[in-house]
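*Asks:* Below is the file target04.txt, with compact mmCIF, C-alpha atoms and all ligand atoms.
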# COMPACT_ATOMS: atom_id res chain seq x y z
CA MET A 1 5.03 -11.69 -5.75
CA PRO A 2 6.61 -14.50 -3.69
CA GLU A 3 9.28 -16.57 -5.43
CA PRO A 4 7.25 -19.85 -5.39
CA GLU A 5 4.41 -18.11 -7.24
CA LEU A 6 6.91 -16.75 -9.76
CA LEU A 7 8.17 -20.26 -10.32
CA ALA A 8 4.68 -21.62 -10.84
CA MET A 9 3.79 -18.72 -13.12
CA HIS A 10 6.82 -19.35 -15.28
CA GLN A 11 6.31 -23.07 -15.44
CA SER A 12 2.62 -22.76 -16.33
CA THR A 13 3.22 -20.20 -19.08
CA SER A 14 6.23 -21.83 -20.71
CA ALA A 15 4.37 -22.95 -23.80
CA THR A 16 6.89 -25.22 -25.47
CA GLY A 17 9.24 -26.15 -22.67
CA ALA A 18 12.03 -25.34 -25.12
CA ARG A 19 15.22 -24.32 -23.41
CA PRO A 20 16.92 -21.14 -24.54
CA ASP A 21 20.16 -21.27 -26.44
CA THR A 22 22.11 -19.80 -23.56
CA PRO A 23 25.83 -19.16 -23.87
CA ARG A 24 28.03 -21.53 -21.91
CA PRO A 25 29.31 -19.89 -18.75
CA ASP A 26 32.89 -20.24 -19.95
CA ALA A 27 32.06 -18.31 -23.11
CA PHE A 28 31.68 -15.02 -21.25
CA ALA A 29 34.56 -12.69 -20.45
CA ARG A 30 35.30 -12.76 -16.74
CA VAL A 31 36.37 -9.22 -15.89
CA ILE A 32 33.24 -7.12 -16.46
CA ALA A 33 33.38 -3.33 -16.33
CA HIS A 34 30.66 -2.30 -13.86
CA ARG A 35 28.55 0.53 -15.32
CA GLY A 36 31.48 0.80 -17.77
CA ALA A 37 34.87 1.90 -16.45
CA SER A 38 32.93 3.80 -13.80
CA GLY A 39 35.92 4.43 -11.57
CA SER A 40 37.41 6.64 -14.28
CA ALA A 41 34.41 8.00 -16.24
CA PRO A 42 30.78 8.80 -15.42
CA GLU A 43 28.87 5.57 -14.86
CA ASN A 44 26.52 4.21 -17.51
CA THR A 45 27.63 6.65 -20.22
CA LEU A 46 29.03 5.95 -23.67
CA ALA A 47 32.33 7.43 -22.46
CA ALA A 48 32.50 4.87 -19.65
CA PHE A 49 31.81 2.00 -22.04
CA ARG A 50 34.36 3.20 -24.61
CA LEU A 51 36.97 3.62 -21.88
CA ALA A 52 36.27 0.10 -20.60
CA ALA A 53 37.03 -1.26 -24.06
CA GLU A 54 40.18 0.89 -24.33
CA LEU A 55 41.36 -0.54 -20.99
CA GLY A 56 41.00 -4.04 -22.37
CA ALA A 57 37.64 -5.08 -20.94
CA ARG A 58 35.73 -7.39 -23.24
CA ALA A 59 32.49 -7.20 -21.26
CA ILE A 60 30.53 -4.39 -19.64
CA GLU A 61 27.62 -4.20 -17.20
CA PHE A 62 24.95 -1.50 -17.39
CA ASP A 63 21.60 -0.70 -15.79
CA VAL A 64 18.37 -0.13 -17.73
CA SER A 65 15.43 1.94 -16.46
CA LEU A 66 12.30 3.29 -18.12
CA LEU A 67 11.36 6.93 -18.66
CA GLY A 68 7.76 8.04 -18.24
CA ASP A 69 7.04 7.62 -21.94
CA GLY A 70 8.38 4.04 -21.93
CA THR A 71 11.79 4.83 -23.45
CA ALA A 72 14.47 2.51 -22.08
CA VAL A 73 17.55 4.40 -20.90
CA VAL A 74 20.81 3.37 -19.28
CA CYS A 75 20.66 4.68 -15.74
CA HIS A 76 21.13 3.03 -12.34
CA ASP A 77 18.83 5.20 -10.26
CA GLY A 78 15.12 5.94 -10.53
CA THR A 79 15.85 9.66 -10.44
CA LEU A 80 18.09 12.11 -12.26
CA ASP A 81 19.47 13.53 -9.03
CA ARG A 82 22.79 11.76 -8.49
CA CYS A 83 24.20 11.41 -12.00
CA THR A 84 22.88 14.31 -14.07
CA ASN A 85 22.48 18.08 -14.05
CA ARG A 86 18.74 17.68 -13.48
CA ALA A 87 16.55 16.42 -10.64
CA GLY A 88 13.37 14.43 -10.29
CA PRO A 89 12.15 10.96 -11.21
CA LEU A 90 12.89 9.34 -14.56
CA ALA A 91 9.17 8.72 -14.76
CA ALA A 92 8.61 12.48 -15.09
CA ILE A 93 10.57 12.83 -18.36
CA GLY A 94 10.53 11.31 -21.83
CA LEU A 95 12.72 10.82 -24.88
CA ARG A 96 12.28 14.43 -25.98
CA ASP A 97 13.87 15.65 -22.72
CA LEU A 98 17.13 13.74 -23.15
CA PRO A 99 18.99 16.34 -25.29
CA GLY A 100 18.93 18.78 -22.35
CA ILE A 101 20.45 16.35 -19.88
CA ASP A 102 24.17 16.29 -19.00
CA ALA A 103 25.15 12.96 -17.43
CA GLY A 104 28.88 13.69 -17.20
CA SER A 105 29.61 16.97 -15.42
CA TRP A 106 28.84 15.53 -11.99
CA PHE A 107 31.88 13.28 -12.48
CA GLY A 108 34.23 15.78 -14.10
CA ALA A 109 34.18 18.89 -16.28
CA GLY A 110 35.80 16.96 -19.12
CA PHE A 111 32.67 14.81 -19.43
CA ALA A 112 30.18 17.69 -19.75
CA ARG A 113 28.94 16.55 -23.15
CA GLU A 114 27.99 13.04 -22.03
CA ALA A 115 24.37 12.15 -22.64
CA LEU A 116 22.03 10.04 -20.57
CA PRO A 117 22.07 7.25 -23.16
CA THR A 118 19.14 5.32 -24.53
CA LEU A 119 19.31 1.52 -24.47
CA GLU A 120 19.36 1.66 -28.26
CA ALA A 121 22.49 3.85 -28.28
CA VAL A 122 24.28 1.54 -25.85
CA LEU A 123 23.37 -1.60 -27.80
CA ASP A 124 24.65 0.06 -30.98
CA LEU A 125 27.95 0.86 -29.24
CA ILE A 126 28.26 -2.69 -27.87
CA GLU A 127 27.80 -4.01 -31.38
CA ALA A 128 30.32 -1.56 -32.86
CA LEU A 129 32.96 -2.36 -30.22
CA GLY A 130 32.36 -6.12 -30.31
CA LEU A 131 31.72 -6.27 -26.56
CA GLN A 132 29.80 -8.72 -24.43
CA ALA A 133 27.44 -7.27 -21.87
CA ASN A 134 25.32 -7.81 -18.79
CA LEU A 135 22.14 -5.78 -19.08
CA GLU A 136 20.67 -5.29 -15.60
CA MET A 137 16.97 -4.37 -15.47
CA LYS A 138 16.08 -1.79 -12.80
CA ALA A 139 12.32 -1.75 -12.25
CA HIS A 140 12.36 0.74 -9.34
CA ASP A 141 9.38 -1.02 -7.72
CA ALA A 142 7.15 -0.75 -10.80
CA ALA A 143 4.97 -3.76 -11.61
CA PRO A 144 6.78 -6.30 -13.80
CA GLY A 145 6.08 -6.20 -17.52
CA PRO A 146 6.78 -2.91 -19.31
CA LEU A 147 10.54 -2.94 -18.64
CA ALA A 148 10.88 -6.58 -19.68
CA ALA A 149 8.86 -5.85 -22.82
CA ALA A 150 11.10 -2.92 -23.77
CA VAL A 151 14.25 -4.96 -23.20
CA ALA A 152 12.89 -7.98 -25.08
CA ALA A 153 11.95 -5.79 -28.05
CA ALA A 154 15.37 -4.11 -28.19
CA LEU A 155 17.21 -7.45 -28.01
CA ALA A 156 14.92 -9.09 -30.57
CA ARG A 157 16.02 -6.50 -33.15
CA ARG A 158 19.65 -7.72 -32.87
CA ASP A 159 20.50 -11.24 -34.00
CA TRP A 160 23.82 -11.15 -32.09
CA ALA A 161 22.25 -10.30 -28.75
CA ALA A 162 21.56 -13.83 -27.48
CA ARG A 163 25.23 -14.73 -27.98
CA ARG A 164 26.71 -11.65 -26.32
CA ILE A 165 24.24 -10.29 -23.75
CA THR A 166 23.00 -11.80 -20.52
CA VAL A 167 20.13 -10.05 -18.73
CA SER A 168 19.96 -9.87 -14.93
CA SER A 169 17.81 -8.27 -12.26
CA PHE A 170 17.21 -8.17 -8.54
CA ASP A 171 13.54 -7.96 -9.55
CA HIS A 172 12.73 -11.61 -10.10
CA GLY A 173 9.22 -10.87 -11.36
CA GLU A 174 10.80 -8.82 -14.14
CA LEU A 175 13.09 -11.74 -14.99
CA ALA A 176 10.11 -14.11 -15.15
CA ALA A 177 8.31 -11.64 -17.42
CA LEU A 178 11.33 -11.44 -19.71
CA ARG A 179 11.66 -15.22 -19.85
CA ARG A 180 8.07 -15.51 -21.09
CA LEU A 181 8.76 -12.90 -23.79
CA ALA A 182 12.24 -14.09 -24.76
CA PRO A 183 12.70 -17.87 -24.36
CA ARG A 184 16.22 -17.77 -25.83
CA CYS A 185 17.58 -14.84 -23.85
CA PRO A 186 20.44 -15.71 -21.46
CA LEU A 187 19.39 -14.72 -17.93
CA ALA A 188 21.25 -14.26 -14.65
CA VAL A 189 19.53 -14.00 -11.28
CA LEU A 190 20.80 -11.26 -8.96
CA TYR A 191 20.81 -11.66 -5.19
CA GLU A 192 22.57 -9.72 -2.50
CA ALA A 193 22.80 -13.12 -0.81
CA PRO A 194 21.34 -16.33 -2.25
CA ALA A 195 17.76 -17.14 -1.21
CA PRO A 196 17.15 -20.68 0.14
CA ASP A 197 15.46 -21.71 -3.12
CA TRP A 198 18.02 -20.15 -5.46
CA ARG A 199 18.83 -23.41 -7.25
CA GLU A 200 15.16 -24.14 -7.98
CA PHE A 201 14.54 -20.58 -9.14
CA LEU A 202 17.51 -20.59 -11.53
CA ALA A 203 16.36 -23.95 -12.89
CA ALA A 204 12.80 -22.73 -13.45
CA LEU A 205 14.08 -19.66 -15.33
CA ASP A 206 16.78 -21.66 -17.10
CA ALA A 207 19.16 -18.95 -15.94
CA GLU A 208 22.76 -19.30 -17.07
CA ALA A 209 24.18 -17.63 -13.95
CA ILE A 210 23.76 -16.39 -10.41
CA HIS A 211 25.15 -12.93 -9.61
CA LEU A 212 25.91 -12.17 -5.95
CA ASP A 213 27.53 -9.63 -3.69
CA HIS A 214 31.09 -10.91 -3.41
CA THR A 215 30.89 -11.01 0.38
CA ALA A 216 27.93 -13.43 0.18
CA LEU A 217 29.62 -16.12 -1.90
CA ASP A 218 31.07 -19.24 -0.35
CA ALA A 219 32.41 -22.57 -1.56
CA ALA A 220 29.08 -24.35 -1.04
CA VAL A 221 27.27 -22.01 -3.45
CA LEU A 222 30.11 -22.23 -5.96
CA ASP A 223 30.07 -26.03 -5.85
CA ALA A 224 26.28 -26.25 -6.14
CA ALA A 225 26.24 -23.85 -9.08
CA ARG A 226 28.92 -25.84 -10.84
CA ARG A 227 26.97 -29.06 -10.34
CA ASP A 228 23.90 -27.33 -11.84
CA GLY A 229 25.89 -25.98 -14.79
CA ARG A 230 25.43 -22.32 -13.78
CA ALA A 231 28.03 -19.58 -13.82
CA VAL A 232 28.75 -17.57 -10.67
CA ARG A 233 29.73 -13.90 -10.91
CA VAL A 234 30.18 -11.39 -8.09
CA TYR A 235 29.80 -7.63 -7.67
CA THR A 236 31.38 -5.13 -7.07
CA VAL A 237 35.05 -5.92 -6.62
CA ASN A 238 37.65 -3.17 -6.80
CA ASP A 239 40.40 -4.88 -4.80
CA PRO A 240 41.74 -7.95 -6.62
CA ALA A 241 43.12 -9.40 -3.39
CA ALA A 242 39.58 -9.62 -2.00
CA VAL A 243 38.56 -12.32 -4.47
CA LEU A 244 41.78 -14.22 -5.09
CA GLY A 245 40.46 -17.17 -3.08
CA LEU A 246 37.16 -17.19 -4.97
CA ARG A 247 39.02 -17.06 -8.28
CA ASP A 248 41.05 -20.10 -7.34
CA ALA A 249 37.88 -21.86 -6.13
CA GLY A 250 36.24 -21.53 -9.56
CA LEU A 251 34.60 -18.10 -9.80
CA ASP A 252 33.31 -17.40 -13.33
CA GLY A 253 33.31 -13.61 -13.37
CA LEU A 254 33.34 -10.34 -11.45
CA PHE A 255 32.08 -6.81 -11.86
CA THR A 256 34.54 -4.00 -11.19
CA ASP A 257 34.60 -0.23 -11.51
CA HIS A 258 38.34 -0.53 -12.26
CA PRO A 259 38.92 -3.17 -14.96
CA SER A 260 42.54 -2.11 -15.40
CA ARG A 261 43.37 -3.17 -11.82
CA PHE A 262 42.66 -6.73 -12.98
CA LEU A 263 43.58 -6.67 -16.65
CA SER A 264 47.00 -5.07 -16.11
CA ASP A 265 47.96 -8.06 -13.95
CA PRO A 266 49.12 -11.09 -15.97
CA GLY A 267 47.42 -13.60 -13.65
CA TRP A 268 44.06 -11.86 -13.76
CA ALA A 269 44.39 -11.18 -17.49
CA ALA A 270 44.96 -14.89 -18.09
CA TRP A 271 41.93 -15.73 -15.94
CA ASP A 272 39.83 -13.28 -17.96
CA ARG A 273 41.00 -14.92 -21.19
CA ARG A 274 39.88 -18.33 -19.98
CA GLY A 275 36.37 -16.89 -20.25
CA GLY A 276 35.15 -15.74 -23.66
O1 LIG B 301 24.85 -6.32 -11.80
C1 LIG B 301 25.77 -6.23 -10.77
C2 LIG B 301 25.60 -4.96 -9.98
O2 LIG B 301 25.52 -3.90 -10.87
C3 LIG B 301 24.36 -4.99 -9.11
O3 LIG B 301 24.23 -3.88 -8.28
O4 LIG B 301 23.38 -1.68 -7.64
O5 LIG B 301 25.50 -1.83 -8.88
O6 LIG B 301 23.35 -2.28 -10.02
P1 LIG B 301 24.10 -2.36 -8.74
MG MG B 302 24.02 -2.85 -12.00
What is this structure when it is put down as C-alpha cells?
Ligand code: G3P
Ligand code: MG
*Replies:*
Amino acid sequence: MPEPELLAMHQSTSATGARPDTPRPDAFARVIAHRGASGSAPENTLAAFRLAAELGARAIEFDVSLLGDGTAVVCHDGTLDRCTNRAGPLAAIGLRDLPGIDAGSWFGAGFAREALPTLEAVLDLIEALGLQANLEMKAHDAAPGPLAAAVAAALARRDWAARRITVSSFDHGELAALRRLAPRCPLAVLYEAPAPDWREFLAALDAEAIHLDHTALDAAVLDAARRDGRAVRVYTVNDPAAVLGLRDAGLDGLFTDHPSRFLSDPGWAAWDRRGG
C-alpha cells in the first residue's frame, strides 16, 4: 500500500487522537547490540543476547517473524536455511517443531544447544536482564496484520514494555497496523534511505525515531529529526571511526554486531551513557 494511503488509514482509524507515552529519545541506550552480540555468537539467540549484556550493552535489537501456526519467533530470515540446521520456510513449521531446531551450530560447535527462540522467551530474558530493546518486525511480504497482532499481544502482557521496547519495521503497513492496536507503543520507522515524506509519516505514526542505513544519514536529516523531536539511529556499524562525525553531529544511537568495539572505548562508553 502506498505511504500516503497508510497515512490516511492511520489518521482515519486513530479513534481518540491520544498520543502514545513514548520514551524520550535520550532515554534509550545508544549502543545497541544488533541481533545480540552477533559478531561473537549466533544472531538472534538467547546466547547472543546474554553475551551482549555481559559485554556491557544495555540495549539489544532483534527480528521477529511468524511461523505457520502464528507463533512469533526471533529470526531475521523467512526461512530456516541460513541460521539453523534445517531448511525451508518458517511458514512451513509451527511451535511444536522448535525443539528439533539447532540455531547455533552454523556459527560454532560451542553453540549447538541454542534454540530458535520464541518472542516470549526473548521478552522474558530482556526482563530478567533489565535490557532495553528494539523489536524489528519482519513480515516477509505477508499482508500486514497478523504479525502486528502477535507483537501487540506479547507486549500488552508486560507492563514494562512501553518503557523499554521500541518497535520498528521496514514494512510500514505493519507499523500502521501495530499503531492501531497499540496506541502507546514506541515506534521507529526503518528506511534504507529516507523517503521524501519521512517527516510526515513519522508524525502520522507518532514514531519516536527514524532508523536508517548509516551511509544514508546526513546533517539535514539529523537536523530535521531534532526539530521534530525524533531520535535518529543507524545500522549496522561495526567500525566506530565510520560514524564519529555523525556522533558529534547529534546521532542518538547505532546498531552494531560488536558492542565491545564501542563500549570498551571511554569516549563511546560515555556517549552511550548519555542515552538511557
Ligand atoms: O533494525 C536495524 C537493522 O536490523 C535493520 O536491518 O536486515 O539487519 O534487520 P536488518
Ligand atoms: Mg533487524
*Asks:* How would you report the residues lying within 9 Å of ligand LIG 301 (chain B), as a list in words, if you count only C-alpha atoms and all ligand atoms?
*Replies:*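 After applying the 9 Å limit, what remains is His34, Arg35, Glu61, Phe62, Asp63, His76, Asp77, Asn134, Leu135, Glu136, Met137, Lys138, Ser168, Ser169, Phe170, Leu190, Tyr191, Glu192, His211, Leu212, Asp213, Arg233, Val234, Tyr235, Thr236, Leu254 and Phe255 of chain A.
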*Asks:* Pick from A:Glu43, A:Asp223, A:Asp228, A:Asp218: nearest to ligand MG 302 (chain B), with all atoms listed in the file counted?
*Replies:*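 So, comparing all the options, the nearest one is A:Glu43.
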*Asks:* As an mmCIF file with C-alpha atoms, in the frame of the given file, please: the residues near region 239-249 of chain A (cut-off 12 Å, only C-alpha atoms, same-chain neighbours under 3 positions excluded).
*Replies:*
data_model
loop_
_atom_site.group_PDB
_atom_site.id
_atom_site.type_symbol
_atom_site.label_atom_id
_atom_site.label_comp_id
_atom_site.auth_asym_id
_atom_site.auth_seq_id
_atom_site.Cartn_x
_atom_site.Cartn_y
_atom_site.Cartn_z
ATOM 1 C CA ARG A 30 35.300 -12.760 -16.740
ATOM 2 C CA VAL A 31 36.370 -9.220 -15.890
ATOM 3 C CA ASP A 213 27.530 -9.630 -3.690
ATOM 4 C CA HIS A 214 31.090 -10.910 -3.410
ATOM 5 C CA THR A 215 30.890 -11.010 0.380
ATOM 6 C CA ALA A 216 27.930 -13.430 0.180
ATOM 7 C CA LEU A 217 29.620 -16.120 -1.900
ATOM 8 C CA ASP A 218 31.070 -19.240 -0.350
ATOM 9 C CA ALA A 219 32.410 -22.570 -1.560
ATOM 10 C CA ALA A 220 29.080 -24.350 -1.040
ATOM 11 C CA VAL A 221 27.270 -22.010 -3.450
ATOM 12 C CA LEU A 222 30.110 -22.230 -5.960
ATOM 13 C CA ASP A 223 30.070 -26.030 -5.850
ATOM 14 C CA ARG A 226 28.920 -25.840 -10.840
ATOM 15 C CA VAL A 232 28.750 -17.570 -10.670
ATOM 16 C CA ARG A 233 29.730 -13.900 -10.910
ATOM 17 C CA VAL A 234 30.180 -11.390 -8.090
ATOM 18 C CA TYR A 235 29.800 -7.630 -7.670
ATOM 19 C CA THR A 236 31.380 -5.130 -7.070
ATOM 20 C CA ASP A 252 33.310 -17.400 -13.330
ATOM 21 C CA GLY A 253 33.310 -13.610 -13.370
ATOM 22 C CA LEU A 254 33.340 -10.340 -11.450
ATOM 23 C CA PHE A 255 32.080 -6.810 -11.860
ATOM 24 C CA THR A 256 34.540 -4.000 -11.190
ATOM 25 C CA ASP A 257 34.600 -0.230 -11.510
ATOM 26 C CA HIS A 258 38.340 -0.530 -12.260
ATOM 27 C CA PRO A 259 38.920 -3.170 -14.960
ATOM 28 C CA SER A 260 42.540 -2.110 -15.400
ATOM 29 C CA ARG A 261 43.370 -3.170 -11.820
ATOM 30 C CA PHE A 262 42.660 -6.730 -12.980
ATOM 31 C CA LEU A 263 43.580 -6.670 -16.650
ATOM 32 C CA SER A 264 47.000 -5.070 -16.110
ATOM 33 C CA ASP A 265 47.960 -8.060 -13.950
ATOM 34 C CA GLY A 267 47.420 -13.600 -13.650
ATOM 35 C CA TRP A 268 44.060 -11.860 -13.760
ATOM 36 C CA ALA A 269 44.390 -11.180 -17.490
ATOM 37 C CA ALA A 270 44.960 -14.890 -18.090
ATOM 38 C CA TRP A 271 41.930 -15.730 -15.940
ATOM 39 C CA ASP A 272 39.830 -13.280 -17.960
ATOM 40 C CA ARG A 274 39.880 -18.330 -19.980
#
*Asks:* Edge lengths and centre in Å to one decimal, as AutoDock Vina command-line options, of the axis-aligned box that encloses all listed atoms of region 235-254 of chain A with 8 Å added on every side?
*Replies:*
--center_x 36.5 --center_y -12.5 --center_z -7.7 --size_x 29.3 --size_y 34.7 --size_z 27.4
*Asks:* With a distance cut-off of 12 Å and all atoms listed in the file, select the neighbouring residues of Leu155 (chain A), excluding the residue or stretch itself and same-chain residues fewer than 6 positions from it, and output the selection as a list in words.
*Replies:*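 Contacts, with the query itself left out: Ala72, Leu119, Glu120, Val122, Leu123, Asp124, Glu127, Ala133, Leu135, Ala148, Ala149, Ala161, Ala162, Arg163, Arg164, Ile165, Thr166, Val167, Leu178, Leu181, Ala182, Pro183, Arg184, Cys185 and Pro186 of chain A.
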*Asks:* Would you mind exporting the chosen residues as a short mmCIF file (atom, residue, chain, number, x, y, z; two decimals), keeping the file's coordinate frame, restricted to C-alpha atoms?
*Replies:*
data_model
loop_
_atom_site.label_atom_id
_atom_site.label_comp_id
_atom_site.auth_asym_id
_atom_site.auth_seq_id
_atom_site.Cartn_x
_atom_site.Cartn_y
_atom_site.Cartn_z
CA ALA A 72 14.47 2.51 -22.08
CA LEU A 119 19.31 1.52 -24.47
CA GLU A 120 19.36 1.66 -28.26
CA VAL A 122 24.28 1.54 -25.85
CA LEU A 123 23.37 -1.60 -27.80
CA ASP A 124 24.65 0.06 -30.98
CA GLU A 127 27.80 -4.01 -31.38
CA ALA A 133 27.44 -7.27 -21.87
CA LEU A 135 22.14 -5.78 -19.08
CA ALA A 148 10.88 -6.58 -19.68
CA ALA A 149 8.86 -5.85 -22.82
CA ALA A 161 22.25 -10.30 -28.75
CA ALA A 162 21.56 -13.83 -27.48
CA ARG A 163 25.23 -14.73 -27.98
CA ARG A 164 26.71 -11.65 -26.32
CA ILE A 165 24.24 -10.29 -23.75
CA THR A 166 23.00 -11.80 -20.52
CA VAL A 167 20.13 -10.05 -18.73
CA LEU A 178 11.33 -11.44 -19.71
CA LEU A 181 8.76 -12.90 -23.79
CA ALA A 182 12.24 -14.09 -24.76
CA PRO A 183 12.70 -17.87 -24.36
CA ARG A 184 16.22 -17.77 -25.83
CA CYS A 185 17.58 -14.84 -23.85
CA PRO A 186 20.44 -15.71 -21.46
#
*Asks:* Please compute the CA of Ala231 (chain A)-CA of Ala29 (chain A) distance, one decimal, in Å.
*Replies:*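 Here the two named atoms are 11.6 Å from each other.
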*Asks:* Just to confirm, what's the straight-line distance from CA of Ala112 (chain A) to CA of Val73 (chain A) in Å (one decimal)?
*Replies:*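 Between CA of Ala112 (chain A) and CA of Val73 (chain A) the gap is 18.4 Å.
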